[in-house]
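structure-v8.txt follows; it contains compact mmCIF, C-alpha atoms (C1' of nucleotides).
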```
# COMPACT_ATOMS: atom_id res chain seq x y z
CA MET A 117 -103.25 -34.32 133.46
CA LYS A 118 -100.15 -34.63 131.32
CA LYS A 119 -100.53 -36.82 128.30
CA ARG A 120 -97.74 -39.07 127.14
CA PRO A 121 -97.34 -38.81 123.38
CA ASP A 122 -98.66 -41.95 121.75
CA THR A 123 -95.91 -42.19 119.19
CA VAL A 124 -92.38 -40.93 118.79
CA SER A 125 -90.01 -41.28 115.89
CA ALA A 126 -88.21 -44.55 115.32
CA LYS A 127 -84.93 -42.86 116.16
CA GLN A 128 -86.30 -41.55 119.44
CA ARG A 129 -87.68 -44.96 120.38
CA LEU A 130 -84.37 -46.62 119.59
CA ASP A 131 -82.58 -44.15 121.85
CA GLN A 132 -85.10 -44.73 124.62
CA MET A 133 -84.57 -48.47 124.43
CA LEU A 134 -80.78 -48.14 124.30
CA SER A 135 -80.74 -45.84 127.31
CA LYS A 136 -82.85 -48.25 129.31
CA LEU A 137 -80.59 -51.20 128.52
CA LYS A 138 -77.40 -49.25 129.18
CA ASP A 139 -78.74 -47.85 132.44
CA HIS A 140 -79.52 -51.37 133.58
CA ASP A 141 -76.03 -52.64 132.61
CA PHE A 142 -77.07 -54.81 129.72
CA ARG A 143 -74.59 -55.02 126.88
CA ILE A 144 -75.36 -53.59 123.49
CA THR A 145 -74.47 -56.30 121.01
CA PRO A 146 -74.88 -55.96 117.25
CA GLN A 147 -77.64 -58.56 117.33
CA ARG A 148 -79.52 -56.74 120.06
CA LEU A 149 -79.13 -53.46 118.27
CA ALA A 150 -80.60 -55.00 115.14
CA VAL A 151 -83.60 -56.32 117.07
CA LEU A 152 -84.15 -52.94 118.73
CA LYS A 153 -84.06 -51.22 115.35
CA VAL A 154 -86.69 -53.51 113.91
CA LEU A 155 -88.97 -52.99 116.90
CA ALA A 156 -88.42 -49.25 117.08
CA ALA A 157 -89.05 -48.72 113.39
CA SER A 158 -91.86 -51.09 112.51
CA ASP A 159 -95.46 -50.18 113.09
CA GLY A 160 -96.68 -53.54 111.81
CA HIS A 161 -96.56 -55.45 115.10
CA PRO A 162 -94.01 -58.03 113.90
CA SER A 163 -93.78 -61.63 115.06
CA VAL A 164 -90.59 -63.19 116.41
CA GLU A 165 -90.19 -64.98 113.11
CA ARG A 166 -90.54 -61.71 111.26
CA ILE A 167 -87.92 -60.02 113.47
CA TYR A 168 -85.67 -63.03 112.95
CA GLU A 169 -85.79 -62.61 109.17
CA SER A 170 -85.01 -58.91 109.34
CA VAL A 171 -82.06 -59.40 111.67
CA ARG A 172 -80.66 -62.26 109.60
CA ALA A 173 -80.64 -60.02 106.54
CA GLN A 174 -77.89 -58.11 108.32
CA PHE A 175 -76.36 -60.84 110.52
CA PRO A 176 -76.93 -64.18 108.82
CA THR A 177 -75.54 -66.25 111.70
CA THR A 178 -78.00 -64.90 114.25
CA SER A 179 -79.84 -67.60 116.15
CA LEU A 180 -83.56 -67.65 116.73
CA ALA A 181 -82.84 -68.10 120.42
CA THR A 182 -81.17 -64.71 120.48
CA ILE A 183 -84.31 -63.06 119.15
CA TYR A 184 -86.37 -64.76 121.82
CA LYS A 185 -83.93 -63.74 124.53
CA THR A 186 -83.79 -60.14 123.38
CA VAL A 187 -87.55 -59.85 123.13
CA ALA A 188 -87.91 -61.39 126.59
CA LEU A 189 -85.41 -58.86 127.93
CA LEU A 190 -87.29 -55.96 126.38
CA LYS A 191 -90.55 -57.30 127.74
CA GLN A 192 -89.03 -57.50 131.21
CA GLU A 193 -87.80 -53.92 130.87
CA ASN A 194 -91.24 -52.79 129.68
CA GLU A 195 -89.86 -51.66 126.34
CA VAL A 196 -92.02 -53.88 124.20
CA LEU A 197 -95.67 -54.94 124.37
CA GLU A 198 -96.46 -58.57 123.73
CA ILE A 199 -99.71 -59.29 121.93
CA SER A 200 -100.39 -62.99 122.13
CA PHE A 201 -103.10 -64.95 120.39
CA PRO A 202 -104.83 -68.26 121.04
CA ASP A 203 -103.28 -69.80 117.93
CA GLY A 204 -99.84 -69.21 119.42
CA SER A 205 -98.84 -66.37 117.14
CA ASN A 206 -97.32 -63.70 119.32
CA ARG A 207 -96.80 -60.24 117.91
CA TYR A 208 -94.78 -57.37 119.36
CA ASP A 209 -95.14 -53.62 119.53
CA GLY A 210 -91.97 -51.67 120.22
CA ASN A 211 -93.47 -48.30 119.46
CA LYS A 212 -96.07 -48.19 122.17
CA PRO A 213 -94.90 -50.55 124.90
CA PHE A 214 -97.85 -49.79 127.14
CA PRO A 215 -101.39 -51.20 127.11
CA HIS A 216 -103.55 -49.87 124.33
CA PRO A 217 -106.47 -51.18 122.29
CA HIS A 218 -105.96 -53.12 119.08
CA LEU A 219 -108.17 -53.57 116.09
CA ILE A 220 -107.41 -56.86 114.38
CA CYS A 221 -108.62 -57.88 110.94
CA THR A 222 -109.41 -61.58 111.08
CA ARG A 223 -108.89 -61.94 107.34
CA CYS A 224 -105.68 -60.07 106.46
CA LYS A 225 -104.28 -60.18 110.03
CA LYS A 226 -103.58 -56.46 109.98
CA ILE A 227 -103.40 -54.85 113.42
CA ILE A 228 -104.09 -51.16 113.88
CA ASP A 229 -104.23 -48.90 116.92
CA PRO A 230 -107.43 -46.90 117.23
CA ASP A 231 -107.76 -43.82 119.38
CA LEU A 232 -110.27 -44.44 122.12
CA SER A 233 -111.03 -41.52 124.35
CA SER A 234 -113.34 -43.36 126.72
CA LEU A 235 -111.11 -46.23 127.72
CA GLU A 236 -109.75 -44.73 130.91
CA ASP A 237 -113.30 -44.32 132.16
CA LEU A 238 -113.82 -48.06 131.89
CA ALA A 239 -110.88 -48.86 134.16
CA LYS A 240 -112.18 -46.39 136.70
CA GLU A 241 -115.65 -47.92 136.52
CA VAL A 242 -114.19 -51.36 137.19
CA THR A 243 -112.11 -50.16 140.12
CA LYS A 244 -115.10 -48.48 141.70
CA GLU A 245 -117.33 -51.49 141.22
CA THR A 246 -115.01 -54.24 142.34
CA GLY A 247 -112.25 -52.78 144.49
CA PHE A 248 -109.64 -54.31 142.20
CA GLN A 249 -106.37 -52.44 141.95
CA ILE A 250 -105.87 -52.44 138.19
CA THR A 251 -102.33 -52.37 136.86
CA ASN A 252 -102.73 -53.52 133.31
CA HIS A 253 -105.27 -54.30 130.69
CA ARG A 254 -105.80 -55.61 127.23
CA LEU A 255 -108.48 -54.69 124.75
CA ASP A 256 -108.77 -56.24 121.31
CA PHE A 257 -111.51 -55.84 118.77
CA PHE A 258 -111.78 -58.45 116.03
CA GLY A 259 -113.48 -57.95 112.73
CA LEU A 260 -113.04 -57.05 109.10
CA CYS A 261 -111.17 -53.98 107.98
CA ARG A 262 -112.65 -51.77 105.31
CA GLU A 263 -110.65 -53.45 102.55
CA CYS A 264 -111.58 -57.00 103.56
CA GLN A 265 -115.31 -56.52 104.04
CA MET B 62 -133.25 -53.14 123.14
CA LYS B 63 -133.77 -56.61 124.54
CA LYS B 64 -131.14 -57.73 126.94
CA ARG B 65 -129.90 -61.30 127.05
CA PRO B 66 -129.67 -62.51 130.63
CA ASP B 67 -126.03 -62.68 131.64
CA THR B 68 -126.38 -65.86 133.62
CA VAL B 69 -128.73 -68.78 133.75
CA SER B 70 -128.81 -71.74 136.10
CA ALA B 71 -126.33 -74.57 135.61
CA LYS B 72 -129.22 -76.86 134.73
CA GLN B 73 -130.46 -74.46 132.07
CA ARG B 74 -126.99 -74.08 130.58
CA LEU B 75 -126.52 -77.83 130.47
CA ASP B 76 -129.80 -78.20 128.61
CA GLN B 77 -128.84 -75.46 126.18
CA MET B 78 -125.56 -77.19 125.41
CA LEU B 79 -127.18 -80.59 125.08
CA SER B 80 -129.82 -79.25 122.70
CA LYS B 81 -127.18 -77.64 120.53
CA LEU B 82 -125.16 -80.84 120.28
CA LYS B 83 -128.21 -83.02 119.63
CA ASP B 84 -129.55 -80.63 117.01
CA HIS B 85 -126.23 -80.80 115.21
CA ASP B 86 -126.15 -84.61 115.35
CA PHE B 87 -123.31 -85.00 117.80
CA ARG B 88 -123.52 -87.96 120.13
CA ILE B 89 -124.00 -87.54 123.82
CA THR B 90 -121.41 -89.75 125.45
CA PRO B 91 -120.94 -90.08 129.21
CA GLN B 92 -117.56 -88.35 128.92
CA ARG B 93 -119.03 -85.44 126.98
CA LEU B 94 -121.88 -85.13 129.40
CA ALA B 95 -119.41 -84.96 132.27
CA VAL B 96 -117.44 -82.19 130.55
CA LEU B 97 -120.63 -80.26 129.82
CA LYS B 98 -121.68 -80.54 133.44
CA VAL B 99 -118.39 -79.14 134.68
CA LEU B 100 -118.56 -76.22 132.26
CA ALA B 101 -122.23 -75.49 132.89
CA ALA B 102 -121.86 -75.57 136.64
CA SER B 103 -118.55 -73.93 137.37
CA ASP B 104 -118.19 -70.20 137.55
CA GLY B 105 -114.45 -70.42 138.16
CA HIS B 106 -113.30 -70.41 134.53
CA PRO B 107 -111.65 -73.84 134.69
CA SER B 108 -108.62 -74.95 132.70
CA VAL B 109 -108.54 -78.10 130.58
CA GLU B 110 -106.47 -79.74 133.29
CA ARG B 111 -109.05 -78.80 135.88
CA ILE B 112 -111.90 -80.20 133.77
CA TYR B 113 -109.84 -83.34 133.25
CA GLU B 114 -109.55 -83.91 136.99
CA SER B 115 -113.27 -83.42 137.56
CA VAL B 116 -114.24 -85.79 134.80
CA ARG B 117 -111.75 -88.44 135.91
CA ALA B 118 -113.29 -88.41 139.36
CA GLN B 119 -116.35 -89.94 137.73
CA PHE B 120 -114.77 -91.73 134.73
CA PRO B 121 -111.21 -92.66 135.66
CA THR B 122 -110.28 -93.97 132.20
CA THR B 123 -111.06 -90.71 130.43
CA SER B 124 -108.26 -89.42 128.24
CA LEU B 125 -106.99 -85.87 128.21
CA ALA B 126 -107.43 -85.90 124.45
CA THR B 127 -111.15 -86.37 124.94
CA ILE B 128 -111.34 -83.25 127.06
CA TYR B 129 -109.50 -81.28 124.39
CA LYS B 130 -111.75 -82.65 121.68
CA THR B 131 -114.92 -81.89 123.60
CA VAL B 132 -113.81 -78.38 124.45
CA ALA B 133 -112.86 -77.77 120.81
CA LEU B 134 -116.29 -78.98 119.76
CA LEU B 135 -118.03 -76.66 122.19
CA LYS B 136 -115.86 -73.79 121.05
CA GLN B 137 -116.78 -74.49 117.45
CA GLU B 138 -120.46 -74.55 118.44
CA ASN B 139 -120.09 -71.28 120.34
CA GLU B 140 -121.07 -72.91 123.61
CA VAL B 141 -117.88 -72.08 125.46
CA LEU B 142 -115.64 -69.04 125.60
CA GLU B 143 -111.91 -69.62 125.48
CA ILE B 144 -109.76 -67.24 127.50
CA SER B 145 -106.16 -67.81 126.51
CA PHE B 146 -103.07 -66.37 128.13
CA PRO B 147 -99.50 -65.78 126.99
CA ASP B 148 -98.19 -68.41 129.40
CA GLY B 149 -100.28 -71.02 127.61
CA SER B 150 -102.81 -71.47 130.38
CA ASN B 151 -106.16 -71.45 128.66
CA ARG B 152 -109.29 -71.12 130.73
CA TYR B 153 -112.89 -71.74 129.72
CA ASP B 154 -116.22 -70.17 130.47
CA GLY B 155 -119.28 -72.32 129.79
CA ASN B 156 -121.69 -70.02 131.54
CA LYS B 157 -121.31 -66.97 129.35
CA PRO B 158 -120.03 -68.22 126.00
CA PHE B 159 -120.02 -64.74 124.48
CA PRO B 160 -117.46 -61.92 124.71
CA HIS B 161 -117.44 -60.15 128.05
CA PRO B 162 -114.85 -58.37 130.16
CA HIS B 163 -112.74 -60.19 132.70
CA LEU B 164 -111.01 -59.02 135.81
CA ILE B 165 -107.99 -61.18 136.55
CA CYS B 166 -106.06 -61.20 139.80
CA THR B 167 -102.40 -61.64 138.94
CA ARG B 168 -101.64 -63.09 142.34
CA CYS B 169 -104.37 -65.66 143.10
CA LYS B 170 -105.36 -66.11 139.44
CA LYS B 171 -109.01 -65.58 140.25
CA ILE B 172 -111.12 -64.43 137.30
CA ILE B 173 -114.34 -62.52 137.85
CA ASP B 174 -116.87 -60.95 135.50
CA PRO B 175 -117.57 -57.28 136.19
CA ASP B 176 -120.64 -55.50 134.92
CA LEU B 177 -119.63 -52.74 132.56
CA SER B 178 -122.39 -50.61 131.22
CA SER B 179 -120.26 -48.51 128.89
CA LEU B 180 -118.58 -51.25 126.90
CA GLU B 181 -120.96 -51.26 123.96
CA ASP B 182 -120.22 -47.58 123.42
CA LEU B 183 -116.57 -48.40 122.89
CA ALA B 184 -117.28 -50.82 120.05
CA LYS B 185 -119.48 -48.22 118.40
CA GLU B 186 -116.78 -45.60 118.78
CA VAL B 187 -114.27 -47.87 117.08
CA THR B 188 -116.60 -48.71 114.23
CA LYS B 189 -117.30 -45.07 113.60
CA GLU B 190 -113.66 -44.10 113.75
CA THR B 191 -112.16 -46.86 111.63
CA GLY B 192 -114.85 -48.40 109.47
CA PHE B 193 -114.03 -51.83 110.86
CA GLN B 194 -116.90 -54.29 110.99
CA ILE B 195 -116.48 -55.64 114.50
CA THR B 196 -117.60 -59.17 115.21
CA ASN B 197 -115.85 -60.00 118.41
CA HIS B 198 -113.77 -58.52 121.19
CA ARG B 199 -111.82 -59.28 124.27
CA LEU B 200 -111.28 -57.08 127.30
CA ASP B 201 -109.20 -58.11 130.28
CA PHE B 202 -108.16 -56.07 133.27
CA PHE B 203 -105.22 -57.29 135.31
CA GLY B 204 -104.52 -56.36 138.87
CA LEU B 205 -104.92 -57.32 142.49
CA CYS B 206 -108.23 -58.30 143.97
CA ARG B 207 -109.27 -56.84 147.30
CA GLU B 208 -107.99 -59.87 149.21
CA CYS B 209 -104.57 -59.91 147.55
CA GLN B 210 -103.74 -56.23 147.82
C1' DC C 144 -130.49 -106.96 118.77
C1' DC C 145 -127.64 -105.20 114.60
C1' DA C 146 -125.13 -102.30 111.74
C1' DT C 147 -122.58 -98.28 111.19
C1' DA C 148 -120.09 -94.52 111.86
C1' DA C 149 -118.91 -91.34 115.50
C1' DA C 150 -116.25 -91.02 119.52
C1' DC C 151 -112.93 -92.96 122.69
C1' DG C 152 -108.18 -93.76 124.70
C1' DA C 153 -103.36 -94.31 124.13
C1' DT C 154 -99.78 -92.44 122.15
C1' DA C 155 -97.11 -90.14 118.47
C1' DT C 156 -96.43 -85.81 116.61
C1' DC C 157 -96.09 -80.88 116.19
C1' DA C 158 -94.85 -76.10 116.87
C1' DA C 159 -93.55 -72.53 119.81
C1' DT C 160 -90.78 -71.53 123.39
C1' DT C 161 -87.22 -72.29 126.92
C1' DA C 162 -82.98 -74.39 128.83
C1' DT C 163 -78.25 -75.84 128.35
C1' DC C 164 -73.51 -74.95 127.68
C1' DA C 165 -69.15 -74.28 125.32
C1' DA C 166 -67.37 -70.50 122.53
C1' DT C 167 -67.35 -65.62 121.73
C1' DA C 168 -67.07 -60.80 122.45
C1' DA C 169 -68.64 -56.25 125.00
C1' DA C 170 -67.02 -53.15 128.31
C1' DG C 171 -64.34 -51.38 131.86
C1' DA C 172 -59.58 -51.47 133.88
C1' DA C 173 -54.76 -51.40 133.46
C1' DT D 16 -54.24 -50.69 123.11
C1' DT D 17 -54.44 -54.93 125.41
C1' DC D 18 -56.23 -57.67 129.14
C1' DT D 19 -59.84 -59.71 132.08
C1' DT D 20 -64.18 -60.72 133.30
C1' DT D 21 -68.42 -62.31 132.53
C1' DA D 22 -72.68 -61.45 129.89
C1' DT D 23 -74.22 -62.95 125.56
C1' DT D 24 -74.31 -65.79 121.57
C1' DG D 25 -75.42 -69.82 118.67
C1' DA D 26 -76.48 -74.63 118.13
C1' DT D 27 -79.25 -77.84 119.79
C1' DA D 28 -81.81 -80.52 123.28
C1' DA D 29 -85.74 -80.40 126.24
C1' DT D 30 -90.22 -78.93 127.41
C1' DT D 31 -95.00 -78.07 126.99
C1' DG D 32 -99.68 -77.40 125.46
C1' DA D 33 -102.23 -78.85 121.92
C1' DT D 34 -103.40 -81.74 117.85
C1' DA D 35 -103.35 -85.90 114.82
C1' DT D 36 -103.48 -90.79 114.29
C1' DC D 37 -105.54 -95.11 114.54
C1' DG D 38 -107.32 -99.41 116.27
C1' DT D 39 -111.12 -100.30 119.57
C1' DT D 40 -115.42 -99.20 121.64
C1' DT D 41 -120.03 -97.64 121.81
C1' DA D 42 -124.11 -94.34 120.88
C1' DT D 43 -127.90 -94.28 117.99
C1' DG D 44 -131.47 -95.38 114.67
C1' DG D 45 -133.68 -99.19 112.43
```

Conversion result in structure tokens:
Amino acid sequence: MKKRPDTVSAKQRLDQMLSKLKDHDFRITPQRLAVLKVLAASDGHPSVERIYESVRAQFPTTSLATIYKTVALLKQENEVLEISFPDGSNRYDGNKPFPHPHLICTRCKKIIDPDLSSLEDLAKEVTKETGFQITNHRLDFFGLCRECQ
Amino acid sequence: MKKRPDTVSAKQRLDQMLSKLKDHDFRITPQRLAVLKVLAASDGHPSVERIYESVRAQFPTTSLATIYKTVALLKQENEVLEISFPDGSNRYDGNKPFPHPHLICTRCKKIIDPDLSSLEDLAKEVTKETGFQITNHRLDFFGLCRECQ
DNA sequence: CCATAAACGATATCAATTATCAATAAAGAA
DNA sequence: TTCTTTATTGATAATTGATATCGTTTATGG
């Protein structure tokens, strides 16, 4: 079984995203490029609002709608993972745009990615038990990080 | 290790909810009772809209706001589990108001509760690895049920 | 049956997201 | 390089699920 590397460099991720968009005949605009850079570089699971601020630092006339549209495009192209919460605060992961577990501190809102060896086994267990054909999953743990305890 | 029974009868659940509300000095109104009954009885993870329809069948003047308020109260009292989705369609589980995995058919929107023996191990693995103090979790599998494949 | 405060119902408000559309600009062709 | 086409942008309106407001109603204990 070949293992996909969990993380690549920001530069590599940016190139991956650019290739995907170019291959699918989407135009590379300065605003889009700025959004891609934020998502490729950041490991902090930024919100749309957070991306908006970063992009505006470089292109002050950028509209919030453009951020939403670009994120939606990346989501559609499977180049970003959307992590949504009940309180309506969506966060995005452009580094690892595939399902993976999250560990969320309910106090400082930090989100980290733990390594969980036994997760694949769970999916298999479910398939065997129910006959479902599983294509996707989401696993979040909530609690207090070491610093906030 | 004592195991909490996963499911109880609708009657039992209704009584549990009623006791909790009475003990905490909340009033039992006909509208609230109707909402409790829907949540205690249904195993289909109903939406607010769905609860609204059921309650209105019996009390046609009931307001949607009342459903929201009652559900929020039950959530606060840990008597209902909220399952929220990116598209804004929240669903509720009054039978098992504690974290448990869900298996969601992306086509017919059915939600079922699989038995997963190895889930507790995962939480322990995370705690050991990261030092997080885990209080809560959410695990959803998405895919196609046997009928929809 | 009364008094009181909780809960109700109708509706206004809110916040996040999506839709609209005229103006702009990316990208390939000439 | 300039031209042409059409996707994309930016400003803003519309939408939607949920929450807040507030006068009226009613559950509950005395």

Distance query DA169 of chain C at most 9 Å, all atoms listed in the file, self and fewer than 5 positions along chain excluded, as a PyMOL selection string
(chain A and resi 143-145) or (chain D and resi 22-23)

Return the padded bounding box of segment 148-167 of chain C as AutoDock Vina command-line options: axis-aligned, built from all atoms listed in the file, 8 Å added on each side, with centre and edge lengths in Å to one decimal.
```
--center_x -93.7 --center_y -80.1 --center_z 120.3 --size_x 68.7 --size_y 44.9 --size_z 33.0
```

Interatomic distance between atom CA of Asn194 of chain A and atom CA of Pro213 of chain A?
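About the pair atom CA of Asn194 of chain A and atom CA of Pro213 of chain A: they are 6.4 Å apart.
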
Restrict the calculation to all atoms listed in the file, then for each residue of chain B with any atom at most 10 Å from an atom of chain D give the closest atom pair and their distance in Å to one decimal, rows by chain and rising residue number, as CSV.
```
residue,atom,partner,partner_atom,distance
B:Phe87,CA,D:DA42,C1',9.9
B:Arg88,CA,D:DA42,C1',6.5
B:Ile89,CA,D:DA42,C1',7.4
B:Thr90,CA,D:DA42,C1',7.0
B:Pro91,CA,D:DA42,C1',9.9
B:Ala126,CA,D:DT34,C1',8.8
B:Tyr129,CA,D:DA33,C1',8.1
B:Lys130,CA,D:DT34,C1',9.2
B:Asp148,CA,D:DG32,C1',9.9
B:Gly149,CA,D:DG32,C1',6.8
B:Ser150,CA,D:DG32,C1',8.3
B:Asn151,CA,D:DG32,C1',9.4
```

I need the chosen residues saved as an mmCIF file, keeping the file's coordinate frame, with C-alpha atoms.
```
data_model
loop_
_atom_site.group_PDB
_atom_site.id
_atom_site.type_symbol
_atom_site.label_atom_id
_atom_site.label_comp_id
_atom_site.auth_asym_id
_atom_site.auth_seq_id
_atom_site.Cartn_x
_atom_site.Cartn_y
_atom_site.Cartn_z
ATOM 1 C CA PHE B 87 -123.310 -85.000 117.800
ATOM 2 C CA ARG B 88 -123.520 -87.960 120.130
ATOM 3 C CA ILE B 89 -124.000 -87.540 123.820
ATOM 4 C CA THR B 90 -121.410 -89.750 125.450
ATOM 5 C CA PRO B 91 -120.940 -90.080 129.210
ATOM 6 C CA ALA B 126 -107.430 -85.900 124.450
ATOM 7 C CA TYR B 129 -109.500 -81.280 124.390
ATOM 8 C CA LYS B 130 -111.750 -82.650 121.680
ATOM 9 C CA ASP B 148 -98.190 -68.410 129.400
ATOM 10 C CA GLY B 149 -100.280 -71.020 127.610
ATOM 11 C CA SER B 150 -102.810 -71.470 130.380
ATOM 12 C CA ASN B 151 -106.160 -71.450 128.660
#
```

In Å, with one decimal, what is the gap from atom CA of Thr167 of chain B to atom CA of Val187 of chain A?
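Pair atom CA of Thr167 of chain B / atom CA of Val187 of chain A returns 21.8 Å.
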
Give me, as a Markdown table, the closest atom pair and its distance (Å, one decimal) for every residue of chain B within a cut-off of 6 Å of chain A, counting all atoms listed in the file, rows sorted by chain and rising number.
```
| residue | atom | partner | partner_atom | distance |
| --- | --- | --- | --- | --- |
| B:Ser145 | CA | A:Pro202 | CA | 5.6 |
| B:Pro147 | CA | A:Ser200 | CA | 5.7 |
| B:Gly192 | CA | A:Arg262 | CA | 5.8 |
| B:Phe193 | CA | A:Cys261 | CA | 4.6 |
| B:Gln194 | CA | A:Leu260 | CA | 5.1 |
| B:Ile195 | CA | A:Gly259 | CA | 4.2 |
| B:Thr196 | CA | A:Gly259 | CA | 5.0 |
| B:Asn197 | CA | A:Phe258 | CA | 5.0 |
| B:His198 | CA | A:Phe257 | CA | 4.3 |
| B:Arg199 | CA | A:Asp256 | CA | 5.2 |
| B:Leu200 | CA | A:Leu255 | CA | 4.5 |
| B:Asp201 | CA | A:Arg254 | CA | 5.2 |
| B:Phe202 | CA | A:His253 | CA | 4.3 |
| B:Phe203 | CA | A:Asn252 | CA | 4.9 |
| B:Gly204 | CA | A:Ile250 | CA | 4.2 |
| B:Leu205 | CA | A:Gln249 | CA | 5.1 |
| B:Cys206 | CA | A:Phe248 | CA | 4.6 |
| B:Arg207 | CA | A:Phe248 | CA | 5.7 |
```

Separation of atom CA of Gly155 of chain B and atom CA of Leu135 of chain B, in Å?
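It comes out at 8.8 Å.
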
Please check the contacts: residues of chain C at most 9 Å away from chain A, using all atoms listed in the file, listed as an MDAnalysis selection string.
chainID C and resid 158:161 168:170

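For Val116 of chain B, the set of protein, DNA and RNA residues having any atom at most 10 Å away, when counting all atoms listed in the file and skipping those fewer than 6 positions along the same chain, is Pro91, Gln92, Arg93, Leu94, Ala95, Val96, Leu97, Lys98, Val99, Glu110, Thr122, Thr123, Ser124, Leu125 and Ile128 of chain B.
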
Go ahead and dump the residues you just picked, C-alpha atoms, as a PDB file, keeping the file's coordinate frame.
```pdb
ATOM      1  CA  PRO B  91    -120.940 -90.080 129.210  1.00  0.00           C
ATOM      2  CA  GLN B  92    -117.560 -88.350 128.920  1.00  0.00           C
ATOM      3  CA  ARG B  93    -119.030 -85.440 126.980  1.00  0.00           C
ATOM      4  CA  LEU B  94    -121.880 -85.130 129.400  1.00  0.00           C
ATOM      5  CA  ALA B  95    -119.410 -84.960 132.270  1.00  0.00           C
ATOM      6  CA  VAL B  96    -117.440 -82.190 130.550  1.00  0.00           C
ATOM      7  CA  LEU B  97    -120.630 -80.260 129.820  1.00  0.00           C
ATOM      8  CA  LYS B  98    -121.680 -80.540 133.440  1.00  0.00           C
ATOM      9  CA  VAL B  99    -118.390 -79.140 134.680  1.00  0.00           C
ATOM     10  CA  GLU B 110    -106.470 -79.740 133.290  1.00  0.00           C
ATOM     11  CA  THR B 122    -110.280 -93.970 132.200  1.00  0.00           C
ATOM     12  CA  THR B 123    -111.060 -90.710 130.430  1.00  0.00           C
ATOM     13  CA  SER B 124    -108.260 -89.420 128.240  1.00  0.00           C
ATOM     14  CA  LEU B 125    -106.990 -85.870 128.210  1.00  0.00           C
ATOM     15  CA  ILE B 128    -111.340 -83.250 127.060  1.00  0.00           C
TER      16      ILE B 128
END
```

Filled-in N, CA and C atoms of segment 202-216 of chain A, supplied as a PDB file, in the frame of the given file:
```pdb
ATOM      1  N   PRO A 202    -104.535 -66.858 120.725  1.00  0.00           N
ATOM      2  CA  PRO A 202    -104.830 -68.260 121.040  1.00  0.00           C
ATOM      3  C   PRO A 202    -104.088 -69.232 120.130  1.00  0.00           C
ATOM      4  N   ASP A 203    -103.926 -68.876 118.857  1.00  0.00           N
ATOM      5  CA  ASP A 203    -103.280 -69.800 117.930  1.00  0.00           C
ATOM      6  C   ASP A 203    -101.762 -69.824 118.104  1.00  0.00           C
ATOM      7  N   GLY A 204    -101.269 -69.145 119.127  1.00  0.00           N
ATOM      8  CA  GLY A 204     -99.840 -69.210 119.420  1.00  0.00           C
ATOM      9  C   GLY A 204     -98.991 -68.232 118.644  1.00  0.00           C
ATOM     10  N   SER A 205     -99.613 -67.330 117.925  1.00  0.00           N
ATOM     11  CA  SER A 205     -98.840 -66.370 117.140  1.00  0.00           C
ATOM     12  C   SER A 205     -98.685 -65.073 117.902  1.00  0.00           C
ATOM     13  N   ASN A 206     -97.570 -64.933 118.581  1.00  0.00           N
ATOM     14  CA  ASN A 206     -97.320 -63.700 119.320  1.00  0.00           C
ATOM     15  C   ASN A 206     -96.815 -62.602 118.382  1.00  0.00           C
ATOM     16  N   ARG A 207     -97.260 -61.398 118.674  1.00  0.00           N
ATOM     17  CA  ARG A 207     -96.800 -60.240 117.910  1.00  0.00           C
ATOM     18  C   ARG A 207     -96.280 -59.215 118.908  1.00  0.00           C
ATOM     19  N   TYR A 208     -95.433 -58.301 118.430  1.00  0.00           N
ATOM     20  CA  TYR A 208     -94.780 -57.370 119.360  1.00  0.00           C
ATOM     21  C   TYR A 208     -94.876 -55.935 118.868  1.00  0.00           C
ATOM     22  N   ASP A 209     -95.046 -55.046 119.823  1.00  0.00           N
ATOM     23  CA  ASP A 209     -95.140 -53.620 119.530  1.00  0.00           C
ATOM     24  C   ASP A 209     -94.045 -52.886 120.305  1.00  0.00           C
ATOM     25  N   GLY A 210     -93.066 -52.391 119.582  1.00  0.00           N
ATOM     26  CA  GLY A 210     -91.970 -51.670 120.220  1.00  0.00           C
ATOM     27  C   GLY A 210     -92.166 -50.172 120.201  1.00  0.00           C
ATOM     28  N   ASN A 211     -93.198 -49.729 119.532  1.00  0.00           N
ATOM     29  CA  ASN A 211     -93.470 -48.300 119.460  1.00  0.00           C
ATOM     30  C   ASN A 211     -94.237 -47.797 120.663  1.00  0.00           C
ATOM     31  N   LYS A 212     -95.239 -48.577 121.035  1.00  0.00           N
ATOM     32  CA  LYS A 212     -96.070 -48.190 122.170  1.00  0.00           C
ATOM     33  C   LYS A 212     -96.085 -49.339 123.166  1.00  0.00           C
ATOM     34  N   PRO A 213     -95.061 -49.396 124.012  1.00  0.00           N
ATOM     35  CA  PRO A 213     -94.900 -50.550 124.900  1.00  0.00           C
ATOM     36  C   PRO A 213     -95.759 -50.487 126.150  1.00  0.00           C
ATOM     37  N   PHE A 214     -96.918 -49.892 126.009  1.00  0.00           N
ATOM     38  CA  PHE A 214     -97.850 -49.790 127.140  1.00  0.00           C
ATOM     39  C   PHE A 214     -99.217 -50.247 126.643  1.00  0.00           C
ATOM     40  N   PRO A 215    -100.112 -50.651 127.554  1.00  0.00           N
ATOM     41  CA  PRO A 215    -101.390 -51.200 127.110  1.00  0.00           C
ATOM     42  C   PRO A 215    -102.171 -50.205 126.260  1.00  0.00           C
ATOM     43  N   HIS A 216    -102.679 -50.688 125.171  1.00  0.00           N
ATOM     44  CA  HIS A 216    -103.550 -49.870 124.330  1.00  0.00           C
ATOM     45  C   HIS A 216    -104.390 -50.783 123.469  1.00  0.00           C
TER      46      HIS A 216
END
```
